[in-house]
>>> print(open('protein-v6.pdb').read())   # PDB, C-alpha atoms, pLDDT in the B column
ATOM      1  CA  MET R1201     -17.026  15.218 -23.532  1.00 70.00           C
ATOM      2  CA  LEU R1202     -18.772  17.231 -20.873  1.00 73.00           C
ATOM      3  CA  ILE R1203     -18.020  16.156 -17.326  1.00 74.00           C
ATOM      4  CA  GLY R1204     -20.566  16.507 -14.547  1.00 69.00           C
ATOM      5  CA  SER R1205     -23.070  14.658 -12.433  1.00 74.00           C
ATOM      6  CA  ARG R1206     -25.808  12.683 -14.175  1.00 72.00           C
ATOM      7  CA  GLN R1207     -28.383  15.108 -12.788  1.00 73.00           C
ATOM      8  CA  ARG R1208     -26.633  18.221 -14.094  1.00 74.00           C
ATOM      9  CA  LEU R1209     -25.920  16.692 -17.474  1.00 72.00           C
ATOM     10  CA  ALA R1210     -29.573  15.681 -17.794  1.00 73.00           C
ATOM     11  CA  LYS R1211     -30.638  19.290 -17.120  1.00 74.00           C
ATOM     12  CA  LEU R1212     -28.751  20.663 -20.132  1.00 73.00           C
ATOM     13  CA  PRO R1213     -31.403  22.299 -22.307  1.00 68.00           C
ATOM     14  CA  LEU R1214     -29.669  21.626 -25.620  1.00 70.00           C
ATOM     15  CA  GLU R1215     -26.687  19.719 -26.866  1.00 71.00           C
ATOM     16  CA  PRO R1216     -23.843  22.240 -26.914  1.00 74.00           C
ATOM     17  CA  ASN R1217     -22.572  23.062 -30.392  1.00 78.00           C
ATOM     18  CA  ILE R1218     -18.791  23.428 -30.180  1.00 79.00           C
ATOM     19  CA  CYS R1219     -16.774  24.250 -33.285  1.00 83.00           C
ATOM     20  CA  ILE R1220     -13.013  24.466 -33.679  1.00 85.00           C
ATOM     21  CA  GLY R1221     -11.696  25.812 -36.952  1.00 86.00           C
ATOM     22  CA  GLY R1222     -15.088  25.378 -38.576  1.00 82.00           C
ATOM     23  CA  ASP R1223     -15.344  21.695 -37.596  1.00 85.00           C
ATOM     24  CA  THR R1224     -18.103  20.664 -35.202  1.00 83.00           C
ATOM     25  CA  ILE R1225     -16.894  18.599 -32.254  1.00 81.00           C
ATOM     26  CA  LYS R1226     -19.035  15.526 -31.643  1.00 81.00           C
ATOM     27  CA  ARG R1227     -20.079  14.867 -28.041  1.00 77.00           C
ATOM     28  CA  VAL R1228     -19.077  11.494 -26.616  1.00 79.00           C
ATOM     29  CA  ARG R1229     -20.232   9.843 -23.371  1.00 82.00           C
ATOM     30  CA  ASP R1230     -16.903   8.124 -22.684  1.00 87.00           C
ATOM     31  CA  THR R1231     -13.418   7.971 -24.144  1.00 87.00           C
ATOM     32  CA  LYS R1232     -10.197   6.046 -23.733  1.00 90.00           C
ATOM     33  CA  ILE R1233      -7.119   8.070 -22.790  1.00 87.00           C
ATOM     34  CA  LEU R1234      -3.782   6.314 -22.214  1.00 90.00           C
ATOM     35  CA  GLY R1235      -5.562   3.008 -21.567  1.00 88.00           C
ATOM     36  CA  VAL R1236      -8.040   4.422 -19.048  1.00 88.00           C
ATOM     37  CA  TYR R1237     -11.727   4.762 -19.917  1.00 89.00           C
ATOM     38  CA  ILE R1238     -13.245   7.974 -18.620  1.00 86.00           C
ATOM     39  CA  ASP R1239     -16.965   8.626 -18.727  1.00 85.00           C
ATOM     40  CA  GLU R1240     -18.758  11.928 -18.379  1.00 82.00           C
ATOM     41  CA  SER R1241     -19.780  11.274 -14.755  1.00 81.00           C
ATOM     42  CA  LEU R1242     -16.367   9.896 -13.706  1.00 80.00           C
ATOM     43  CA  THR R1243     -17.994   6.713 -12.383  1.00 83.00           C
ATOM     44  CA  TRP R1244     -15.290   4.368 -13.758  1.00 86.00           C
ATOM     45  CA  SER R1245     -17.963   1.818 -14.675  1.00 88.00           C
ATOM     46  CA  LYS R1246     -16.881   1.734 -18.336  1.00 90.00           C
ATOM     47  CA  HIS R1247     -13.241   1.248 -17.331  1.00 90.00           C
ATOM     48  CA  ILE R1248     -14.042  -1.580 -14.924  1.00 91.00           C
ATOM     49  CA  GLU R1249     -16.317  -3.199 -17.529  1.00 92.00           C
ATOM     50  CA  GLU R1250     -13.518  -3.164 -20.101  1.00 92.00           C
ATOM     51  CA  ILE R1251     -10.768  -4.465 -17.826  1.00 92.00           C
ATOM     52  CA  ALA R1252     -13.144  -7.136 -16.485  1.00 93.00           C
ATOM     53  CA  LYS R1253     -13.488  -8.459 -20.058  1.00 94.00           C
ATOM     54  CA  THR R1254      -9.714  -8.627 -20.413  1.00 93.00           C
ATOM     55  CA  ILE R1255      -9.218 -10.204 -16.989  1.00 94.00           C
ATOM     56  CA  THR R1256     -11.929 -12.789 -17.714  1.00 94.00           C
ATOM     57  CA  ALA R1257     -10.081 -13.778 -20.880  1.00 93.00           C
ATOM     58  CA  GLY R1258      -6.897 -14.152 -18.806  1.00 92.00           C
ATOM     59  CA  ILE R1259      -8.747 -16.350 -16.310  1.00 92.00           C
ATOM     60  CA  SER R1260      -9.856 -18.545 -19.211  1.00 91.00           C
ATOM     61  CA  ALA R1261      -6.211 -18.922 -20.224  1.00 90.00           C
ATOM     62  CA  LEU R1262      -5.328 -19.904 -16.651  1.00 91.00           C
ATOM     63  CA  LYS R1263      -8.102 -22.501 -16.608  1.00 90.00           C
ATOM     64  CA  ARG R1264      -6.851 -24.040 -19.845  1.00 90.00           C
ATOM     65  CA  LEU R1265      -3.317 -24.234 -18.437  1.00 90.00           C
ATOM     66  CA  ARG R1266      -4.024 -25.422 -14.909  1.00 86.00           C
ATOM     67  CA  ASP R1267      -4.122 -29.136 -15.752  1.00 86.00           C
ATOM     68  CA  PHE R1268      -0.741 -28.990 -17.503  1.00 87.00           C
ATOM     69  CA  ALA R1269       1.249 -26.371 -15.601  1.00 88.00           C
ATOM     70  CA  SER R1270       2.628 -26.105 -12.105  1.00 89.00           C
ATOM     71  CA  ARG R1271       1.393 -23.526  -9.610  1.00 88.00           C
ATOM     72  CA  ASN R1272       4.545 -21.443 -10.179  1.00 90.00           C
ATOM     73  CA  VAL R1273       3.851 -21.318 -13.921  1.00 91.00           C
ATOM     74  CA  LEU R1274       0.239 -20.311 -13.260  1.00 91.00           C
ATOM     75  CA  VAL R1275       1.406 -17.514 -10.970  1.00 91.00           C
ATOM     76  CA  SER R1276       3.817 -16.348 -13.686  1.00 91.00           C
ATOM     77  CA  VAL R1277       1.018 -16.352 -16.270  1.00 91.00           C
ATOM     78  CA  TYR R1278      -1.180 -14.443 -13.822  1.00 92.00           C
ATOM     79  CA  ASN R1279       1.583 -11.876 -13.255  1.00 92.00           C
ATOM     80  CA  ALA R1280       2.109 -11.488 -17.001  1.00 92.00           C
ATOM     81  CA  LEU R1281      -1.455 -11.536 -18.360  1.00 90.00           C
ATOM     82  CA  ILE R1282      -3.806 -10.487 -15.587  1.00 93.00           C
ATOM     83  CA  MET R1283      -2.128  -8.476 -12.812  1.00 91.00           C
ATOM     84  CA  PRO R1284      -1.092  -5.573 -15.082  1.00 92.00           C
ATOM     85  CA  HIS R1285      -4.774  -4.876 -15.759  1.00 90.00           C
ATOM     86  CA  PHE R1286      -5.508  -4.660 -12.039  1.00 87.00           C
ATOM     87  CA  ASP R1287      -2.491  -2.383 -11.514  1.00 87.00           C
ATOM     88  CA  TYR R1288      -2.441  -0.066 -14.540  1.00 87.00           C
ATOM     89  CA  CYS R1289      -3.304   3.476 -13.436  1.00 84.00           C
ATOM     90  CA  CYS R1290      -5.072   2.166 -10.330  1.00 78.00           C
ATOM     91  CA  GLU R1291      -4.050   5.357  -8.512  1.00 79.00           C
ATOM     92  CA  VAL R1292      -6.332   7.258 -10.878  1.00 78.00           C
ATOM     93  CA  TRP R1293      -9.400   5.015 -10.823  1.00 70.00           C
ATOM     94  CA  ASP R1294      -8.995   3.592  -7.310  1.00 70.00           C
ATOM     95  CA  SER R1295     -11.726   5.895  -5.968  1.00 76.00           C
ATOM     96  CA  LEU R1296     -14.424   3.692  -7.489  1.00 80.00           C
ATOM     97  CA  GLY R1297     -17.481   2.696  -5.497  1.00 82.00           C
ATOM     98  CA  SER R1298     -18.007  -0.447  -3.481  1.00 85.00           C
ATOM     99  CA  VAL R1299     -20.033  -2.242  -6.183  1.00 89.00           C
ATOM    100  CA  LEU R1300     -17.270  -1.854  -8.781  1.00 88.00           C
ATOM    101  CA  ALA R1301     -14.568  -2.680  -6.231  1.00 86.00           C
ATOM    102  CA  GLU R1302     -16.471  -5.831  -5.303  1.00 88.00           C
ATOM    103  CA  SER R1303     -16.613  -6.934  -8.941  1.00 89.00           C
ATOM    104  CA  LEU R1304     -12.829  -6.547  -9.191  1.00 88.00           C
ATOM    105  CA  GLN R1305     -12.371  -8.457  -5.938  1.00 88.00           C
ATOM    106  CA  LYS R1306     -14.485 -11.325  -7.290  1.00 90.00           C
ATOM    107  CA  LEU R1307     -12.235 -11.508 -10.364  1.00 90.00           C
ATOM    108  CA  HIS R1308      -9.170 -11.501  -8.122  1.00 88.00           C
ATOM    109  CA  ASN R1309     -10.685 -14.314  -6.046  1.00 88.00           C
ATOM    110  CA  ARG R1310     -11.414 -16.325  -9.198  1.00 88.00           C
ATOM    111  CA  CYS R1311      -7.774 -15.988 -10.258  1.00 89.00           C
ATOM    112  CA  ALA R1312      -6.570 -17.238  -6.892  1.00 88.00           C
ATOM    113  CA  GLY R1313      -9.031 -20.130  -6.963  1.00 87.00           C
ATOM    114  CA  VAL R1314      -7.888 -21.223 -10.424  1.00 88.00           C
ATOM    115  CA  ILE R1315      -4.221 -21.036  -9.454  1.00 88.00           C
ATOM    116  CA  MET R1316      -4.807 -22.994  -6.248  1.00 84.00           C
ATOM    117  CA  ARG R1317      -7.042 -25.461  -8.157  1.00 77.00           C
ATOM    118  CA  TYR R1318      -9.965 -24.933  -5.789  1.00 74.00           C
ATOM    119  CA  LYS R1319     -13.511 -25.668  -6.816  1.00 64.00           C
ATOM    120  CA  ASN R1320     -16.207 -23.013  -6.369  1.00 59.00           C
ATOM    121  CA  GLU R1321     -16.735 -23.877  -2.720  1.00 43.00           C
ATOM    122  CA  THR R1322     -17.636 -21.221  -0.164  1.00 45.00           C
ATOM    123  CA  GLY R1323     -14.639 -19.595   1.463  1.00 52.00           C
ATOM    124  CA  GLN R1324     -12.084 -21.320  -0.756  1.00 58.00           C
ATOM    125  CA  SER R1325     -11.122 -18.219  -2.750  1.00 57.00           C
ATOM    126  CA  GLU R1326     -10.338 -16.249   0.431  1.00 60.00           C
ATOM    127  CA  LEU R1327      -8.194 -19.149   1.587  1.00 59.00           C
ATOM    128  CA  ALA R1328      -6.450 -19.162  -1.795  1.00 60.00           C
ATOM    129  CA  LEU R1329      -5.755 -15.434  -1.542  1.00 60.00           C
ATOM    130  CA  ARG R1330      -4.204 -15.871   1.892  1.00 62.00           C
ATOM    131  CA  HIS R1331      -2.146 -18.869   0.746  1.00 60.00           C
ATOM    132  CA  LEU R1332      -0.763 -16.902  -2.211  1.00 62.00           C
ATOM    133  CA  GLY R1333      -0.113 -13.867   0.004  1.00 63.00           C
ATOM    134  CA  TRP R1334      -2.544 -11.665  -1.973  1.00 60.00           C
ATOM    135  CA  SER R1335      -4.942 -10.732   0.825  1.00 55.00           C
TER
END
>>> encode(input="protein-v6.pdb", output="C-alpha cells")
Amino acid sequence: MLIGSRQRLAKLPLEPNICIGGDTIKRVRDTKILGVYIDESLTWSKHIEEIAKTITAGISALKRLRDFASRNVLVSVYNALIMPHFDYCCEVWDSLGSVLAESLQKLHNRCAGVIMRYKNETGQSELALRHLGWS
C-alpha cells in the first residue's frame, strides 16, 4: 500500500512494480492490521464503515432484547457487544473528520435510545445519553 493524499496518489504516472524475492507485491487500497482498517489516504472511512456494521448488528441485538431484559442487562450487553468497538484503538483513529465522528455519535445515540426505550423523537437520544452518564 502506498500512503499519500488522494491528489498525489492520482498523479502517479504508473503503478509501481515492487518485487521481493522475485514475487511481485500487489498494491492494495486498504488493509486490516490488528483490527484497524487503514486506507492509503489515512481517512479512516473504511475503518468507520466496518465498525459501523458491527455496531449496527449489536444495536439489533439490543432491540431484540429490550422487551425482555432490564435496563441493567441492556447496559451490560452494550458494554460487552458494542462499546469495545467504539473503544478499540480509538487513540489511533480518533483524528477522524467531523462527518465520520458524527456518524459514530449517531450510533452511540441510537444505543442510548434503545437502552432507555425511547422512540425516535427529537432530543430524546441526547437525554438518554445524559441519563446514562455517557455525554
>>> residues_around(input="protein-v6.pdb", residues="region 1235-1247 of chain R", least_positions_apart="6", cutoff="9 Å", atoms="all atoms listed in the file", output="PyMOL selection string")
chain R and resi 1201-1206+1209+1228-1229+1288-1289+1292-1293+1295-1297+1300
>>> residues_around(input="protein-v6.pdb", residues="Asp1287 (chain R)", least_positions_apart="3", cutoff="12 Å", atoms="all atoms listed in the file", output="count of residues only")
17
>>> atom_distance(input="protein-v6.pdb", atom1="CA of Ser1260 (chain R)", atom2="CA of Val1314 (chain R)")
9.4 Å
>>> atom_distance(input="protein-v6.pdb", atom1="CA of Val1299 (chain R)", atom2="CA of Glu1250 (chain R)")
15.4 Å
>>> atom_distance(input="protein-v6.pdb", atom1="CA of His1285 (chain R)", atom2="CA of Lys1226 (chain R)")
29.5 Å
>>> closest_residue(input="protein-v6.pdb", among="R:Arg1310, R:Glu1215, R:Ser1298, R:Ile1315", to="Ser1276 (chain R)", atoms="all atoms listed in the file")
R:Ile1315
>>> closest_residue(input="protein-v6.pdb", among="R:Ala1257, R:Ile1220, R:Ala1312, R:Ala1210", to="Leu1274 (chain R)", atoms="only C-alpha atoms")
R:Ala1312
>>> residues_around(input="protein-v6.pdb", residues="Arg1271 (chain R)", least_positions_apart="6", cutoff="12 Å", atoms="only C-alpha atoms", output="ChimeraX atom specification")
/R:1262-1263,1265,1277-1278,1311-1317,1328,1331-1332
>>> closest_residue(input="protein-v6.pdb", among="R:Val1273, R:Ile1248, R:Ala1261, R:Leu1212", to="Glu1302 (chain R)", atoms="all atoms listed in the file")
R:Ile1248
